[in-house]
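A quick write-up on the structure given underneath.
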Amino acid sequence: MARLKTAVLISGRGTNLQALIGACADPSFPAELCLVVSNRPDAEGLRRAGAAGIATRVIDHKGFADRRGFEAALDAALREARAEFICNAGFMRVLTEWFVERWRDRQINIHPSLLPVFPGLDTHARALAAGVRIAGCTAHFVRTEVDAGPIIAQAAVPVRPTDDEETLAARVLEAEHRIYPRALRLIAEGRVTVVDERVHIEGAAEPRGVLINPADS
Ligand code: GAR
C-alpha cells in the first residue's frame with residue numbers, strides 16, 4: 001500500500017520531528033516524510049531532517065508582508081512536494097482560516113497539555129501553578145482556534161512534588177514522542193474519521209488501568 005506522503009512543519013528543536021523520522025524509518029510504517037518546512041532559518045530540526053535525508057525548506061515568515069503571503073508560499077511548497085498530510089511539530093505560527101480550511105482534517109498538531117486545558121504558551125508553568133497532579137499531551141486535528149480541534153490521542157503523566165517546568169516538560173515530551181507517531185500511524189492506516197468534531201478510531205484498543213496521583217503509599 002502507498003505510504004501517506006507527510007510534511008512536517010517546525011519552528012525549532014525538532015524532537016517530535018525526530019520521533020516521526022524514527023517511525024517512518026521503518027518501511028512498514030504507513031507514512032513517509034516528503035518535506036520538512038521551518039519558518040525559522042536557524043531551527044535545529046532542519047539539521048535533523050537533513051541528517052535523515054529528508055528535503056527541507058525554510059519559509060521565513062519575516063520575509064512576507066502578511067500571514068496570507070506566508071501561507072500561500074507554504075501551501076505552494078507543500079503541493080510542490082506532493083504532500084498529502086501535515087504534522088505540525090513545534091510549529092509556532094498561528095495559521096489563518098484560509099490555510100486551515102485548505103488542509104482541514106489533513107493537518108495535525110501535538111501540544112504539551114491535556115487539551116482543552118492549558119492551550120497556548122507556558123503550558124507547564126500554568127499546570128504547575130494550578131497544582132494539577134496529572135499532566136500530559138494531546139495529538140489533535142488543526143482548527144483555526146489555537147491548540148484546539150478534534151482529539152486523536154492523549155497521554156497522561158504524573159506531576160511530582162519536586163517538579164519544575166523543565167522536569168515536567170521533559171516527562172511530557174517523552175510522552176509526546178510516543179503518541180505523535182502513533183496518531184500519524186492510525187491516520188495513515190485509514191482508521192481515523194472526524195464526525196461532528198469528534199474523532200472515531202476504528203479498532204482502537206482499550207487502554208489499561210488508571211493513573212492515580214498520589215499512588216498508595
Ligand atoms: C513540543 O513540546 C510541542 O508539544 C510544543 O512545542 C514543543 C516543540 O518541541 N508545541 C506547542 O506548544 C504547540 N502549541 P520539539 O521542537 O522538540 O518537537
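Naming works like this for the C-alpha cells: A, B, ... for the chains as they're shown, residue 1 at the start of each chain, ligands 1 onward in shown order.
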
Any chance you could list, as a VMD selection string, the residues in stretch 8-208 of chain A that come up alpha helix (DSSP H) when DSSP is run on the backbone?
-> chain A and resid 15 to 24 44 to 51 67 to 80 97 to 102 123 to 130 165 to 188

Report as a PDB file with all heavy atoms, in the first residue's frame which protein, DNA and RNA residues come within 7 Å of ligand 1, using only C-alpha atoms and all ligand atoms.
```
ATOM      1  N   ILE A  10       7.933  22.856  11.332  1.00  0.00           N
ATOM      2  CA  ILE A  10       8.651  23.071  12.592  1.00  0.00           C
ATOM      3  C   ILE A  10       9.029  24.546  12.739  1.00  0.00           C
ATOM      4  O   ILE A  10       9.009  25.304  11.769  1.00  0.00           O
ATOM      5  CB  ILE A  10       9.945  22.218  12.675  1.00  0.00           C
ATOM      6  CG1 ILE A  10      10.919  22.594  11.528  1.00  0.00           C
ATOM      7  CG2 ILE A  10       9.622  20.730  12.609  1.00  0.00           C
ATOM      8  CD1 ILE A  10      12.322  22.044  11.710  1.00  0.00           C
ATOM      9  N   SER A  11       9.411  24.902  13.977  1.00  0.00           N
ATOM     10  CA  SER A  11       9.972  26.231  14.219  1.00  0.00           C
ATOM     11  C   SER A  11      11.259  26.144  15.040  1.00  0.00           C
ATOM     12  O   SER A  11      11.921  27.169  15.230  1.00  0.00           O
ATOM     13  CB  SER A  11       8.984  27.113  14.985  1.00  0.00           C
ATOM     14  OG  SER A  11       7.793  27.303  14.273  1.00  0.00           O
ATOM     15  N   GLY A  12      11.582  24.965  15.556  1.00  0.00           N
ATOM     16  CA  GLY A  12      12.714  24.918  16.495  1.00  0.00           C
ATOM     17  C   GLY A  12      13.416  23.588  16.587  1.00  0.00           C
ATOM     18  O   GLY A  12      13.770  22.966  15.583  1.00  0.00           O
ATOM     19  N   ARG A  13      13.520  23.126  17.817  1.00  0.00           N
ATOM     20  CA  ARG A  13      14.346  21.979  18.212  1.00  0.00           C
ATOM     21  C   ARG A  13      14.104  20.709  17.405  1.00  0.00           C
ATOM     22  O   ARG A  13      15.025  19.993  17.039  1.00  0.00           O
ATOM     23  CB  ARG A  13      14.013  21.750  19.696  1.00  0.00           C
ATOM     24  CG  ARG A  13      14.839  20.801  20.450  1.00  0.00           C
ATOM     25  CD  ARG A  13      14.388  20.845  21.884  1.00  0.00           C
ATOM     26  NE  ARG A  13      12.923  20.614  22.016  1.00  0.00           N
ATOM     27  CZ  ARG A  13      12.284  20.544  23.155  1.00  0.00           C
ATOM     28  NH1 ARG A  13      12.947  20.684  24.292  1.00  0.00           N
ATOM     29  NH2 ARG A  13      10.968  20.327  23.188  1.00  0.00           N
ATOM     30  N   GLY A  14      12.851  20.351  17.211  1.00  0.00           N
ATOM     31  CA  GLY A  14      12.544  19.228  16.330  1.00  0.00           C
ATOM     32  C   GLY A  14      12.640  17.843  16.937  1.00  0.00           C
ATOM     33  O   GLY A  14      12.852  16.863  16.216  1.00  0.00           O
ATOM     34  N   THR A  15      12.405  17.726  18.256  1.00  0.00           N
ATOM     35  CA  THR A  15      12.446  16.350  18.812  1.00  0.00           C
ATOM     36  C   THR A  15      11.205  15.548  18.406  1.00  0.00           C
ATOM     37  O   THR A  15      11.290  14.333  18.225  1.00  0.00           O
ATOM     38  CB  THR A  15      12.606  16.334  20.349  1.00  0.00           C
ATOM     39  OG1 THR A  15      11.447  16.893  20.955  1.00  0.00           O
ATOM     40  CG2 THR A  15      13.853  17.090  20.789  1.00  0.00           C
ATOM     41  N   ASN A  16      10.075  16.209  18.255  1.00  0.00           N
ATOM     42  CA  ASN A  16       8.899  15.468  17.756  1.00  0.00           C
ATOM     43  C   ASN A  16       9.096  15.082  16.292  1.00  0.00           C
ATOM     44  O   ASN A  16       8.698  13.994  15.883  1.00  0.00           O
ATOM     45  CB  ASN A  16       7.618  16.292  17.946  1.00  0.00           C
ATOM     46  CG  ASN A  16       7.068  16.140  19.345  1.00  0.00           C
ATOM     47  OD1 ASN A  16       6.568  15.071  19.723  1.00  0.00           O
ATOM     48  ND2 ASN A  16       7.187  17.187  20.150  1.00  0.00           N
ATOM     49  N   LEU A  17       9.715  15.967  15.527  1.00  0.00           N
ATOM     50  CA  LEU A  17      10.094  15.613  14.155  1.00  0.00           C
ATOM     51  C   LEU A  17      10.977  14.365  14.181  1.00  0.00           C
ATOM     52  O   LEU A  17      10.785  13.431  13.403  1.00  0.00           O
ATOM     53  CB  LEU A  17      10.847  16.783  13.505  1.00  0.00           C
ATOM     54  CG  LEU A  17      11.643  16.440  12.244  1.00  0.00           C
ATOM     55  CD1 LEU A  17      10.724  16.023  11.108  1.00  0.00           C
ATOM     56  CD2 LEU A  17      12.517  17.623  11.825  1.00  0.00           C
ATOM     57  N   GLY A  45      15.779  21.538  14.069  1.00  0.00           N
ATOM     58  CA  GLY A  45      15.095  20.443  13.375  1.00  0.00           C
ATOM     59  C   GLY A  45      15.491  20.322  11.905  1.00  0.00           C
ATOM     60  O   GLY A  45      15.423  19.237  11.329  1.00  0.00           O
ATOM     61  N   ALA A  89       4.897  20.171  14.238  1.00  0.00           N
ATOM     62  CA  ALA A  89       5.717  19.640  15.342  1.00  0.00           C
ATOM     63  C   ALA A  89       6.536  20.781  15.934  1.00  0.00           C
ATOM     64  O   ALA A  89       7.647  21.064  15.483  1.00  0.00           O
ATOM     65  CB  ALA A  89       6.618  18.512  14.834  1.00  0.00           C
ATOM     66  N   GLY A  90       5.934  21.462  16.909  1.00  0.00           N
ATOM     67  CA  GLY A  90       6.602  22.633  17.475  1.00  0.00           C
ATOM     68  C   GLY A  90       6.616  23.772  16.463  1.00  0.00           C
ATOM     69  O   GLY A  90       7.549  24.563  16.411  1.00  0.00           O
ATOM     70  N   PHE A  91       5.551  23.862  15.671  1.00  0.00           N
ATOM     71  CA  PHE A  91       5.414  24.938  14.680  1.00  0.00           C
ATOM     72  C   PHE A  91       4.660  26.074  15.357  1.00  0.00           C
ATOM     73  O   PHE A  91       3.505  25.896  15.750  1.00  0.00           O
ATOM     74  CB  PHE A  91       4.655  24.416  13.447  1.00  0.00           C
ATOM     75  CG  PHE A  91       4.438  25.449  12.384  1.00  0.00           C
ATOM     76  CD1 PHE A  91       5.513  25.980  11.689  1.00  0.00           C
ATOM     77  CD2 PHE A  91       3.163  25.885  12.067  1.00  0.00           C
ATOM     78  CE1 PHE A  91       5.315  26.930  10.690  1.00  0.00           C
ATOM     79  CE2 PHE A  91       2.954  26.837  11.070  1.00  0.00           C
ATOM     80  CZ  PHE A  91       4.039  27.354  10.384  1.00  0.00           C
ATOM     81  N   MET A  92       5.331  27.206  15.536  1.00  0.00           N
ATOM     82  CA  MET A  92       4.790  28.221  16.429  1.00  0.00           C
ATOM     83  C   MET A  92       4.155  29.420  15.710  1.00  0.00           C
ATOM     84  O   MET A  92       4.107  30.513  16.255  1.00  0.00           O
ATOM     85  CB  MET A  92       5.890  28.687  17.403  1.00  0.00           C
ATOM     86  CG  MET A  92       6.435  27.552  18.265  1.00  0.00           C
ATOM     87  SD  MET A  92       5.154  26.480  18.978  1.00  0.00           S
ATOM     88  CE  MET A  92       5.429  26.748  20.719  1.00  0.00           C
ATOM     89  N   ILE A 110       0.746  18.550  17.771  1.00  0.00           N
ATOM     90  CA  ILE A 110       0.994  17.959  19.091  1.00  0.00           C
ATOM     91  C   ILE A 110       1.164  19.116  20.071  1.00  0.00           C
ATOM     92  O   ILE A 110       1.854  20.095  19.770  1.00  0.00           O
ATOM     93  CB  ILE A 110       2.243  17.032  19.073  1.00  0.00           C
ATOM     94  CG1 ILE A 110       2.506  16.397  20.433  1.00  0.00           C
ATOM     95  CG2 ILE A 110       3.487  17.735  18.558  1.00  0.00           C
ATOM     96  CD1 ILE A 110       1.707  15.184  20.720  1.00  0.00           C
ATOM     97  N   HIS A 111       0.496  19.000  21.211  1.00  0.00           N
ATOM     98  CA  HIS A 111       0.551  20.081  22.207  1.00  0.00           C
ATOM     99  C   HIS A 111       0.835  19.477  23.589  1.00  0.00           C
ATOM    100  O   HIS A 111       0.256  18.449  23.946  1.00  0.00           O
ATOM    101  CB  HIS A 111      -0.772  20.857  22.224  1.00  0.00           C
ATOM    102  CG  HIS A 111      -0.749  21.985  23.205  1.00  0.00           C
ATOM    103  ND1 HIS A 111      -0.070  23.164  22.977  1.00  0.00           N
ATOM    104  CD2 HIS A 111      -1.285  22.099  24.447  1.00  0.00           C
ATOM    105  CE1 HIS A 111      -0.190  23.946  24.025  1.00  0.00           C
ATOM    106  NE2 HIS A 111      -0.923  23.340  24.930  1.00  0.00           N
ATOM    107  N   PRO A 112       1.703  20.133  24.381  1.00  0.00           N
ATOM    108  CA  PRO A 112       2.114  19.537  25.658  1.00  0.00           C
ATOM    109  C   PRO A 112       1.168  19.780  26.824  1.00  0.00           C
ATOM    110  O   PRO A 112       1.603  20.200  27.899  1.00  0.00           O
ATOM    111  CB  PRO A 112       3.491  20.169  25.905  1.00  0.00           C
ATOM    112  CG  PRO A 112       3.383  21.515  25.283  1.00  0.00           C
ATOM    113  CD  PRO A 112       2.458  21.368  24.101  1.00  0.00           C
ATOM    114  N   PRO A 119      -4.092  25.480  26.660  1.00  0.00           N
ATOM    115  CA  PRO A 119      -3.612  25.729  25.297  1.00  0.00           C
ATOM    116  C   PRO A 119      -2.611  26.882  25.327  1.00  0.00           C
ATOM    117  O   PRO A 119      -2.478  27.553  26.358  1.00  0.00           O
ATOM    118  CB  PRO A 119      -4.894  26.135  24.544  1.00  0.00           C
ATOM    119  CG  PRO A 119      -5.761  26.744  25.595  1.00  0.00           C
ATOM    120  CD  PRO A 119      -5.449  26.013  26.881  1.00  0.00           C
ATOM    121  N   GLY A 120      -1.919  27.112  24.234  1.00  0.00           N
ATOM    122  CA  GLY A 120      -1.036  28.280  24.142  1.00  0.00           C
ATOM    123  C   GLY A 120       0.335  28.048  24.741  1.00  0.00           C
ATOM    124  O   GLY A 120       0.785  26.911  24.858  1.00  0.00           O
ATOM    125  N   LEU A 121       0.960  29.145  25.141  1.00  0.00           N
ATOM    126  CA  LEU A 121       2.353  29.083  25.611  1.00  0.00           C
ATOM    127  C   LEU A 121       2.416  28.881  27.129  1.00  0.00           C
ATOM    128  O   LEU A 121       1.403  28.946  27.816  1.00  0.00           O
ATOM    129  CB  LEU A 121       3.081  30.383  25.228  1.00  0.00           C
ATOM    130  CG  LEU A 121       3.153  30.679  23.720  1.00  0.00           C
ATOM    131  CD1 LEU A 121       3.732  32.063  23.467  1.00  0.00           C
ATOM    132  CD2 LEU A 121       3.967  29.608  22.979  1.00  0.00           C
ATOM    133  N   ASP A 147      -4.371  25.476  19.262  1.00  0.00           N
ATOM    134  CA  ASP A 147      -4.319  24.315  20.153  1.00  0.00           C
ATOM    135  C   ASP A 147      -5.711  23.789  20.510  1.00  0.00           C
ATOM    136  O   ASP A 147      -6.003  23.430  21.658  1.00  0.00           O
ATOM    137  CB  ASP A 147      -3.529  24.646  21.440  1.00  0.00           C
ATOM    138  CG  ASP A 147      -2.091  25.034  21.128  1.00  0.00           C
ATOM    139  OD1 ASP A 147      -1.508  24.455  20.194  1.00  0.00           O
ATOM    140  OD2 ASP A 147      -1.550  25.918  21.820  1.00  0.00           O
ATOM    141  N   LEU A 173       7.349  15.523  27.256  1.00  0.00           N
ATOM    142  CA  LEU A 173       7.934  15.405  25.914  1.00  0.00           C
ATOM    143  C   LEU A 173       8.142  13.944  25.521  1.00  0.00           C
ATOM    144  O   LEU A 173       7.894  13.547  24.378  1.00  0.00           O
ATOM    145  CB  LEU A 173       9.269  16.170  25.856  1.00  0.00           C
ATOM    146  CG  LEU A 173       9.889  16.345  24.470  1.00  0.00           C
ATOM    147  CD1 LEU A 173       9.015  17.209  23.555  1.00  0.00           C
ATOM    148  CD2 LEU A 173      11.284  16.978  24.576  1.00  0.00           C
ATOM    149  N   GLU A 176       4.988  12.765  24.373  1.00  0.00           N
ATOM    150  CA  GLU A 176       4.681  13.306  23.036  1.00  0.00           C
ATOM    151  C   GLU A 176       5.308  12.430  21.961  1.00  0.00           C
ATOM    152  O   GLU A 176       4.685  12.121  20.940  1.00  0.00           O
ATOM    153  CB  GLU A 176       5.239  14.731  22.894  1.00  0.00           C
ATOM    154  CG  GLU A 176       4.578  15.759  23.784  1.00  0.00           C
ATOM    155  CD  GLU A 176       5.168  17.153  23.587  1.00  0.00           C
ATOM    156  OE1 GLU A 176       5.386  17.566  22.446  1.00  0.00           O
ATOM    157  OE2 GLU A 176       5.426  17.837  24.597  1.00  0.00           O
TER     158      GLU A 176
END
```

Out of chain A, which residues get strand (DSSP E) from DSSP, as a ChimeraX atom specification?
-> /A:4-10,31-38,56-58,85-88,107-111,134-141,151-158,192-195,198-201

Written file, previous selection with N, CA and C atoms, as a short mmCIF file (atom, residue, chain, number, x, y, z; two decimals), in the first residue's frame:
```
data_model
loop_
_atom_site.label_atom_id
_atom_site.label_comp_id
_atom_site.auth_asym_id
_atom_site.auth_seq_id
_atom_site.Cartn_x
_atom_site.Cartn_y
_atom_site.Cartn_z
N LEU A 4 1.47 7.30 3.20
CA LEU A 4 0.92 8.66 3.22
C LEU A 4 2.07 9.67 3.18
N LYS A 5 2.09 10.50 2.13
CA LYS A 5 3.17 11.47 1.98
C LYS A 5 2.94 12.64 2.93
N THR A 6 3.81 12.74 3.92
CA THR A 6 3.59 13.66 5.03
C THR A 6 4.67 14.73 5.10
N ALA A 7 4.24 15.97 5.29
CA ALA A 7 5.18 17.07 5.52
C ALA A 7 5.13 17.44 7.00
N VAL A 8 6.26 17.89 7.53
CA VAL A 8 6.31 18.29 8.93
C VAL A 8 6.68 19.78 8.99
N LEU A 9 5.90 20.54 9.75
CA LEU A 9 6.17 21.97 9.95
C LEU A 9 6.81 22.16 11.31
N ILE A 10 7.93 22.86 11.33
CA ILE A 10 8.65 23.07 12.59
C ILE A 10 9.03 24.55 12.74
N ALA A 31 3.27 5.81 6.80
CA ALA A 31 3.51 7.18 6.32
C ALA A 31 4.99 7.37 6.02
N GLU A 32 5.27 8.33 5.12
CA GLU A 32 6.67 8.69 4.84
C GLU A 32 6.79 10.20 4.84
N LEU A 33 7.97 10.71 5.19
CA LEU A 33 8.16 12.16 5.25
C LEU A 33 8.72 12.66 3.92
N CYS A 34 7.99 13.59 3.30
CA CYS A 34 8.42 14.09 1.99
C CYS A 34 9.04 15.47 2.08
N LEU A 35 8.80 16.19 3.19
CA LEU A 35 9.31 17.56 3.30
C LEU A 35 9.24 18.03 4.75
N VAL A 36 10.27 18.78 5.14
CA VAL A 36 10.22 19.47 6.44
C VAL A 36 10.33 20.96 6.14
N VAL A 37 9.38 21.73 6.64
CA VAL A 37 9.40 23.19 6.43
C VAL A 37 9.57 23.87 7.78
N SER A 38 10.51 24.83 7.81
CA SER A 38 10.67 25.64 9.01
C SER A 38 10.43 27.09 8.67
N THR A 56 14.26 19.74 2.81
CA THR A 56 13.89 20.81 3.74
C THR A 56 13.66 22.11 2.97
N ARG A 57 12.81 22.95 3.54
CA ARG A 57 12.59 24.30 3.01
C ARG A 57 12.51 25.25 4.18
N VAL A 58 13.13 26.41 4.03
CA VAL A 58 12.92 27.48 5.00
C VAL A 58 11.98 28.50 4.36
N PHE A 85 -0.45 15.20 3.64
CA PHE A 85 -0.79 15.33 5.05
C PHE A 85 0.28 16.18 5.73
N ILE A 86 -0.13 16.88 6.79
CA ILE A 86 0.82 17.76 7.51
C ILE A 86 0.83 17.43 9.00
N CYS A 87 2.02 17.32 9.57
CA CYS A 87 2.18 17.24 11.02
C CYS A 87 2.87 18.52 11.50
N ASN A 88 2.20 19.29 12.33
CA ASN A 88 2.86 20.43 12.98
C ASN A 88 3.62 19.88 14.18
N GLN A 107 -4.31 17.87 8.64
CA GLN A 107 -3.24 18.54 9.38
C GLN A 107 -3.44 18.31 10.88
N ILE A 108 -2.39 17.83 11.53
CA ILE A 108 -2.48 17.57 12.97
C ILE A 108 -1.38 18.32 13.72
N ASN A 109 -1.57 18.41 15.02
CA ASN A 109 -0.64 19.14 15.89
C ASN A 109 -0.42 18.33 17.16
N ILE A 110 0.75 18.55 17.77
CA ILE A 110 0.99 17.96 19.09
C ILE A 110 1.16 19.12 20.07
N HIS A 111 0.50 19.00 21.21
CA HIS A 111 0.55 20.08 22.21
C HIS A 111 0.83 19.48 23.59
N ILE A 134 -1.85 15.51 37.45
CA ILE A 134 -1.64 14.75 36.22
C ILE A 134 -1.52 15.74 35.07
N ALA A 135 -0.45 15.58 34.29
CA ALA A 135 -0.26 16.42 33.10
C ALA A 135 -0.23 15.50 31.89
N GLY A 136 0.09 16.03 30.74
CA GLY A 136 0.12 15.15 29.58
C GLY A 136 0.21 15.90 28.28
N CYS A 137 -0.15 15.22 27.22
CA CYS A 137 -0.04 15.82 25.89
C CYS A 137 -1.18 15.32 25.01
N THR A 138 -1.39 16.05 23.91
CA THR A 138 -2.53 15.78 23.04
C THR A 138 -2.12 15.89 21.57
N ALA A 139 -2.50 14.89 20.78
CA ALA A 139 -2.39 15.00 19.33
C ALA A 139 -3.79 15.26 18.80
N HIS A 140 -3.93 16.32 18.01
CA HIS A 140 -5.29 16.72 17.57
C HIS A 140 -5.26 17.29 16.16
N PHE A 141 -6.41 17.27 15.50
CA PHE A 141 -6.54 17.91 14.20
C PHE A 141 -6.52 19.42 14.39
N ILE A 151 -9.65 15.56 19.00
CA ILE A 151 -8.53 14.90 19.69
C ILE A 151 -8.35 13.47 19.18
N ILE A 152 -7.12 13.16 18.77
CA ILE A 152 -6.82 11.82 18.26
C ILE A 152 -6.25 10.93 19.37
N ALA A 153 -5.27 11.46 20.09
CA ALA A 153 -4.61 10.66 21.14
C ALA A 153 -4.13 11.58 22.25
N GLN A 154 -4.14 11.04 23.46
CA GLN A 154 -3.59 11.76 24.61
C GLN A 154 -2.78 10.80 25.45
N ALA A 155 -1.79 11.34 26.15
CA ALA A 155 -1.03 10.56 27.13
C ALA A 155 -0.98 11.36 28.42
N ALA A 156 -1.09 10.66 29.54
CA ALA A 156 -1.06 11.32 30.85
C ALA A 156 0.20 10.92 31.60
N VAL A 157 0.79 11.87 32.29
CA VAL A 157 1.95 11.59 33.14
C VAL A 157 1.71 12.24 34.51
N PRO A 158 2.31 11.67 35.57
CA PRO A 158 2.13 12.29 36.88
C PRO A 158 2.96 13.56 37.03
N VAL A 192 -8.96 6.59 11.07
CA VAL A 192 -9.43 7.76 11.83
C VAL A 192 -10.44 8.56 11.00
N THR A 193 -11.59 8.82 11.60
CA THR A 193 -12.56 9.70 10.95
C THR A 193 -13.02 10.77 11.96
N VAL A 194 -13.37 11.93 11.43
CA VAL A 194 -13.88 13.00 12.28
C VAL A 194 -15.37 13.15 11.99
N VAL A 195 -16.18 12.93 13.01
CA VAL A 195 -17.62 13.07 12.86
C VAL A 195 -18.11 14.03 13.94
N ARG A 198 -15.65 15.12 16.52
CA ARG A 198 -15.06 14.14 17.44
C ARG A 198 -14.42 13.05 16.59
N VAL A 199 -13.32 12.51 17.13
CA VAL A 199 -12.56 11.51 16.37
C VAL A 199 -13.05 10.11 16.70
N HIS A 200 -13.27 9.36 15.63
CA HIS A 200 -13.58 7.94 15.79
C HIS A 200 -12.38 7.14 15.26
N ILE A 201 -11.93 6.16 16.05
CA ILE A 201 -10.79 5.34 15.63
C ILE A 201 -11.25 3.90 15.50
#
```

Minimum-distance residue to A:Ile179, chosen among A:Arg160, A:Leu20, A:Met1, A:Arg40 (using only C-alpha atoms) =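 Once distances to A:Ile179 are computed over only C-alpha atoms, the minimum belongs to A:Leu20.
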
Which value, in Å to one decimal, gives the distance between atom CA of A:Arg47 and atom CA of A:Cys24?
->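 So the two atoms, atom CA of A:Arg47 and atom CA of A:Cys24, lie 17.0 Å apart.
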
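Distance check against A:Leu211 using only C-alpha atoms: of A:Arg143, A:Arg133, A:Lys62, A:Arg68, the minimum falls on A:Arg133.
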
Would you mind telling me which residue in A:Ala129, A:Pro30, A:Leu74, A:Ala25 lies nearest to A:Ala188 when using only C-alpha atoms?
->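 Of the candidates, the smallest distance to A:Ala188 is held by A:Pro30.
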
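Residue nearest A:Glu165 within the list A:Arg67, A:Arg3, A:Arg126, A:Arg93: A:Arg126 [criterion: smallest interatomic distance, only C-alpha atoms].
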
Which one of A:Glu44, A:Asp163, A:Glu101, A:Glu174 sits closest to A:Val132 if you count only C-alpha atoms?
->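 Checking each of A:Glu44, A:Asp163, A:Glu101, A:Glu174 against A:Val132, counting only C-alpha atoms, the winner is A:Asp163.
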